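One structure is given here, and the rest of the page talks about it.
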Amino acid sequence: MRSVFMVAEKPSLASSLASILSNEKCSSRKGFNGACSVHEWIGTFQNYPASFKMTSVCGHVMGVDFLSKYNNWDRVDPVELFSCPIEKKEAMPKLKMPAFLAAEAKGCDYLVLWLDCDKEGENICFEVMHAVSKSMKSNVFSNSVTYRARFSAITNKDIKEAFNNLSHPNENEARSVDARQELDLRIGCAFTRFQTKFFQGRYGDLDSSLISYGPCQTPTLGFCVQRHDQIQTFKPETYWVVQVSVVTKDNQTVSLDWSRVRCFDKEVANMFLQLVKDQKQAKILSIVSKEKSKTRPVALNTVELMRIASSGLGMGPHHAMQIAEKLYTQGYISYPRTETTSYPANFDLLGVLKEQQQSSEWGTEVRELLKSGMNKPKQGKDVGDHPPITPMKLASRNELDGDAWRLYDYITRHFIATVSKDCRYLSTTVTLSINDEIFTASGKTLIDPGYTTVMTWQAFGKNEIVPNFTVNENVPISEMRLGEYQTNPPDYLTESELITLMEKHGIGTDASIPVHINNICQRNYVQVISGRKLKPTTLGIVLVHGYQKIDAELVLPTMRSAVEEQLNLIAVGKANFSAVLKHTVDIFRLKFQYFVNNIDGMDQLFEVSFSPLSASGKAHSRCGKCRRYMKYIQAKPQRLHCPQCDETYSLPQNGTVKLFKELKCPLDEFELLSWTMGNKGKSFVFCPYCYNHPPFKDMKKGGGCNSCTHPTCPYSLNTNGICSCSNCEFGVFVLDPSSGPKWKIGCNRCDTIINLLKTLRKYRFSKIAVMNVVLKWLMLSTNKKNPSYRKMRWK
């Protein structure tokens with residue numbers, strides 16, 4: 001019997017696919033990595049009996065990174081990153097995904113890849129193929145062994161159709177992703193390392209862990225700062241409007257619109273007012289009525305979904321896409337990453353619509369639409385990737401939580417609207433004359449609500465019926481005055497407007513746009529204010545102005561859009577991978593060198609906006625070199641700065657740093673500190689100098705006393721180490737000397753913590769007593785089958 005190994009992109013997707021393909025007759029078990037399940041069943045493949053095994057990855061299997069020796073920020077000149085070798089590393093080492101895939105694929109005849117049908121999914125296909133290449137019976141790089149399933153929705157029909165029409169992975173698309181990953185790594189890391197070290201070594205209140213640059217991220221920030229600059233340089237102008245109101249036969253007051261709209265010269269505006277001021281009546285010159293329509297929307301794509309989620313639902317684009325991805329894997333909607341806004345000719349619109357006719361929310365409208373007949377959707381653009389985002393099965397408010405329901409509700413209503421009629425209304429314009437000055441009044445009368453019965457937020461609030469005027473009628477004037485106003489500056493960019501600009505200029509893809517917006521928020525370059533508007537911070541403004549001062553192209557969208565065009569040529573096989581990569585890297589290397597040589601231009605802007613390190617922070621602990629107090633700078637990233645020695649020391653992040661009993665490190669005389677994450681989280685003692693400059697070869701930078709191999713120090717690993725950690729491969733349980741009297745031990749590699757609260761109350765708080773309790777606890781609680789039990793060493 002043939003054996004077929006199948007791989008999906010996520011565990012939840014693998015479960016759904018296995019259920020459909022096996023007709024719900026598969027057996028399931030957990031894989032050895034604990035994250036991915038394996039589903040097995042017997043079926044037919046290529047008209048032969050076959051055993052199937054379906055599992056998944058968790059996103060990318062591999063990630064691109066520099067060789068380890070180039071990851072030392074202190075020893076590597078950032079310019080080397082443009083030419084140094086890179087390698088593929090496991091994206092999530094804890095999951096051991098390559099080993100897991102290789103073990104499960106062992107001895108299988110065929111490989112069928114069910115990764116997401118986009119360029120990233122294509123890239124993951126080849127990552128999986130490389131992982132299982134030595135385990136499969138035959139060559140996985142042969143089209144007779146490896147197949148690719150292409151699908152856009154997780155329904156019985158779509159999945160079984162994809163299974164019956166398997167294709168092959170597209171290497172060109174995968175290579176275009178490889179190129180993008182390498183470019184972003186080299187360019188982003190070089191600029192980011194240089195900027196971060198330069199500015200964090202000079203200023204103390206930047207409040208950002210990284211001063212980062214990204215080929216997509218920085219132009220995205222540039223759009224926000226450009227709008228900010230427009231607001232700051234805006235000069236309001238005063239203008240005047242002649243305002244007139246008339247009274248109808250039924251005593252209704254109607255405000256008129258001046259045909260000249262407004263006037264920026266007060267004397268001229270006053271002249272127009274005087275022309276009409278003495279008049280008591282206005283004459284009706286004409287009444288024109290035209291039937292107009294508000295057209296139904298085109299089919300929904302990713303960019304439009306993100307825009308609506310932000311402007312209409314109050315969700316950030318990153319959060320909205322996470323929810324959409326979840327709805328997709330649960331089978332409620334089709335694939336949410338698509339640029340297409342046109343349904344394929346063979347798309348089952350009627351079947352999708354019928355699925356919604358029993359809804360308590362919009363079922364009435366759907367049944368009415370089925371009765372009267374669907375309308376043909378408007379023609380959008382067909383990019384050839386995936387069909388538009390469409391509801392695939394009925395859901396209710398009880399099935400989905402708040403944000404998931406709101407997004408599903410919008411997607412479904414949008415789909416129903418695309419096959420509904422246009423909204424039709426009568427637009428009436430009345431033209432009036434007052435001493436030859438022309439004024440108008442207009443209104444709308446609804447004829448057929450059309451698609452607005454489901455997209456209710458676009459419906460007319462009420463009929464704006466124009467009063468019953470007749471031509472040549474004279475109507476009395478009730479009020480006449482000169483209104484004074486000022487022009488207003490533009491507002492800050494909304495997320496919706498930013499997404500539109502990014503799409504227009506080719507910054508990012510439908511998958512990466514929300515990531516770039518999320519990055520500039522997380523790195524404190526912009527703040528999301530009321531109305532989902534993006535207000536740049538001082539740091540974001542200074543960065544963009546600095547780039548503009550040195551090399552404006554670094555922040556303009558033109559550079560990245562040109563790179564994206566080259567990457568797309570790789571994807572369609574029209575450009576050489578190595579040539580594109582070399583050409584782009586060479587350009588940015590020259591730009592980087594010019595940027596470094598002219599960094600003083602940007603530094604002048606930072607000097608005006610931020611405080612130097614020597615003026616920041618508060619006195620904290622003594623320096624081991626000058627014996628003077630160092631400054632503790634709490635702004636991100638938190639660090640210590642010695643004003644006398646002019647040296648800065650990194651500290652552990654995302655926690656509280658305190659002085660530890662005024663004790664000193666025996667190696668360098670720096671006062672020991674303790675770091676604690678939260679109230680009951682991980683903590684350890686460390687020396688700030690050793691943390692930055694490991695004193696022993698077997699120590700890594702960023703380690704505390706719980707990793708120090710000093711032979712006699714009472715706070716070192718040698719003194720307080722207890723036994724191997726049972727949750728990670730290399731860690732050791734170490735007594736935390738800062739945790740007394742509520743003693744605890746923690747692993748010096750992972751986040752495993754053992755609290756020893758109640759047990760120790762009967763002991764004196766001596767180290768021997770603590771050790772005895774720890775050992776008793778380990779003897780009682782450690783599984784004897786666990787390797788860490790056998791490795792346990794007694795102190």
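Identifiers in the structure tokens: chain A, B, ... in order shown; residue index from 1 per chain; ligand index from 1 in order shown.
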Worksheet entry | Shell around Thr676 of chain A at 10 Å using only C-alpha atoms, local window under 2 positions removed, as an MDAnalysis selection string | chainID A and resid 652:658 674 678:685 738:739
Discussion item. For the structure I just gave you, how does DSSP split segment 504-587 of chain A - specifically, which residues are alpha helix (DSSP H)? Reply as a PyMOL selection string.
Written reply: chain A and resi 504-505+513-522+538-550+557-571+577-587
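For the set A:Ser22, A:Thr238, A:Gln252, A:Gln232, the residue with the smallest atom-to-atom gap to Asn156 of chain A is A:Ser22, counting only C-alpha atoms.
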Discussion item. So that I can see what lies close to segment 277-281 of chain A, please list as JSON, numbers by chain the residues with an atom at most 6 Å from it, counting only C-alpha atoms and leaving out residues fewer than 6 positions away in the same chain.
Written reply: {"A": [474, 475, 476, 477]}
Discussion item. Residues of segment 65-295 of chain A classed as strand (DSSP E) by DSSP on the backbone are to be reported as a VMD selection string.
Written reply: chain A and resid 65 to 66 86 to 90 110 to 114 146 to 148 238 to 247 253 to 258 281 to 294
Worksheet entry | Length of the atom CA of Glu173 of chain A to atom CA of Tyr328 of chain A vector [Å] | 22.9 Å
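Residue nearest Ile308 of chain A, chosen from A:His414, A:Lys664, A:Arg262, A:Lys625 and counting only C-alpha atoms: A:His414.
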Fill in: Residues within 12 Å of Val563 of chain A, only C-alpha atoms, excluding chain neighbours under 5 positions, as a list in words
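The residues satisfying every condition are Ser176, Ala179, Arg180, Leu183, Asp184, Pro215, Cys216, His505, Gly506, Ile507, Gly508, Pro557, Thr558, Asn568, Leu569, Ile570, Ala575, Val580, Leu581, Lys582, His583, Thr584, Val585, Ile587 and Phe588 of chain A.
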Give me a file of those residues, with C-alpha atoms, as an mmCIF file, in the first residue's frame.
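Dumped to result_30.cif:
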```cif
data_model
loop_
_atom_site.group_PDB
_atom_site.id
_atom_site.type_symbol
_atom_site.label_atom_id
_atom_site.label_comp_id
_atom_site.auth_asym_id
_atom_site.auth_seq_id
_atom_site.Cartn_x
_atom_site.Cartn_y
_atom_site.Cartn_z
ATOM 1 C CA SER A 176 11.200 35.691 -4.450
ATOM 2 C CA ALA A 179 15.192 37.297 -1.750
ATOM 3 C CA ARG A 180 12.858 39.504 0.273
ATOM 4 C CA LEU A 183 17.246 41.890 1.729
ATOM 5 C CA ASP A 184 15.165 42.814 4.756
ATOM 6 C CA PRO A 215 12.774 49.079 3.855
ATOM 7 C CA CYS A 216 8.965 48.953 4.240
ATOM 8 C CA HIS A 505 2.854 53.115 -3.618
ATOM 9 C CA GLY A 506 3.561 49.371 -3.452
ATOM 10 C CA ILE A 507 4.799 49.344 0.149
ATOM 11 C CA GLY A 508 4.431 45.808 1.497
ATOM 12 C CA PRO A 557 8.271 54.858 -1.020
ATOM 13 C CA THR A 558 9.916 54.799 -4.451
ATOM 14 C CA ASN A 568 7.710 40.120 -8.537
ATOM 15 C CA LEU A 569 9.834 39.530 -11.657
ATOM 16 C CA ILE A 570 11.675 36.764 -9.783
ATOM 17 C CA ALA A 575 14.497 38.057 -13.322
ATOM 18 C CA VAL A 580 18.452 41.154 -8.223
ATOM 19 C CA LEU A 581 19.884 40.376 -4.803
ATOM 20 C CA LYS A 582 23.382 41.631 -5.622
ATOM 21 C CA HIS A 583 22.151 44.804 -7.348
ATOM 22 C CA THR A 584 19.855 45.794 -4.445
ATOM 23 C CA VAL A 585 22.386 44.958 -1.711
ATOM 24 C CA ILE A 587 22.789 50.062 -3.691
ATOM 25 C CA PHE A 588 21.870 49.921 -0.003
#
```
Discussion item. From the options A:Val471, A:Cys665, A:Leu426, A:Met630, which residue's atoms come nearest to Glu291 of chain A, counting only C-alpha atoms?
Written reply: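 When distances to Glu291 of chain A are compared using only C-alpha atoms, the smallest one comes from A:Leu426.
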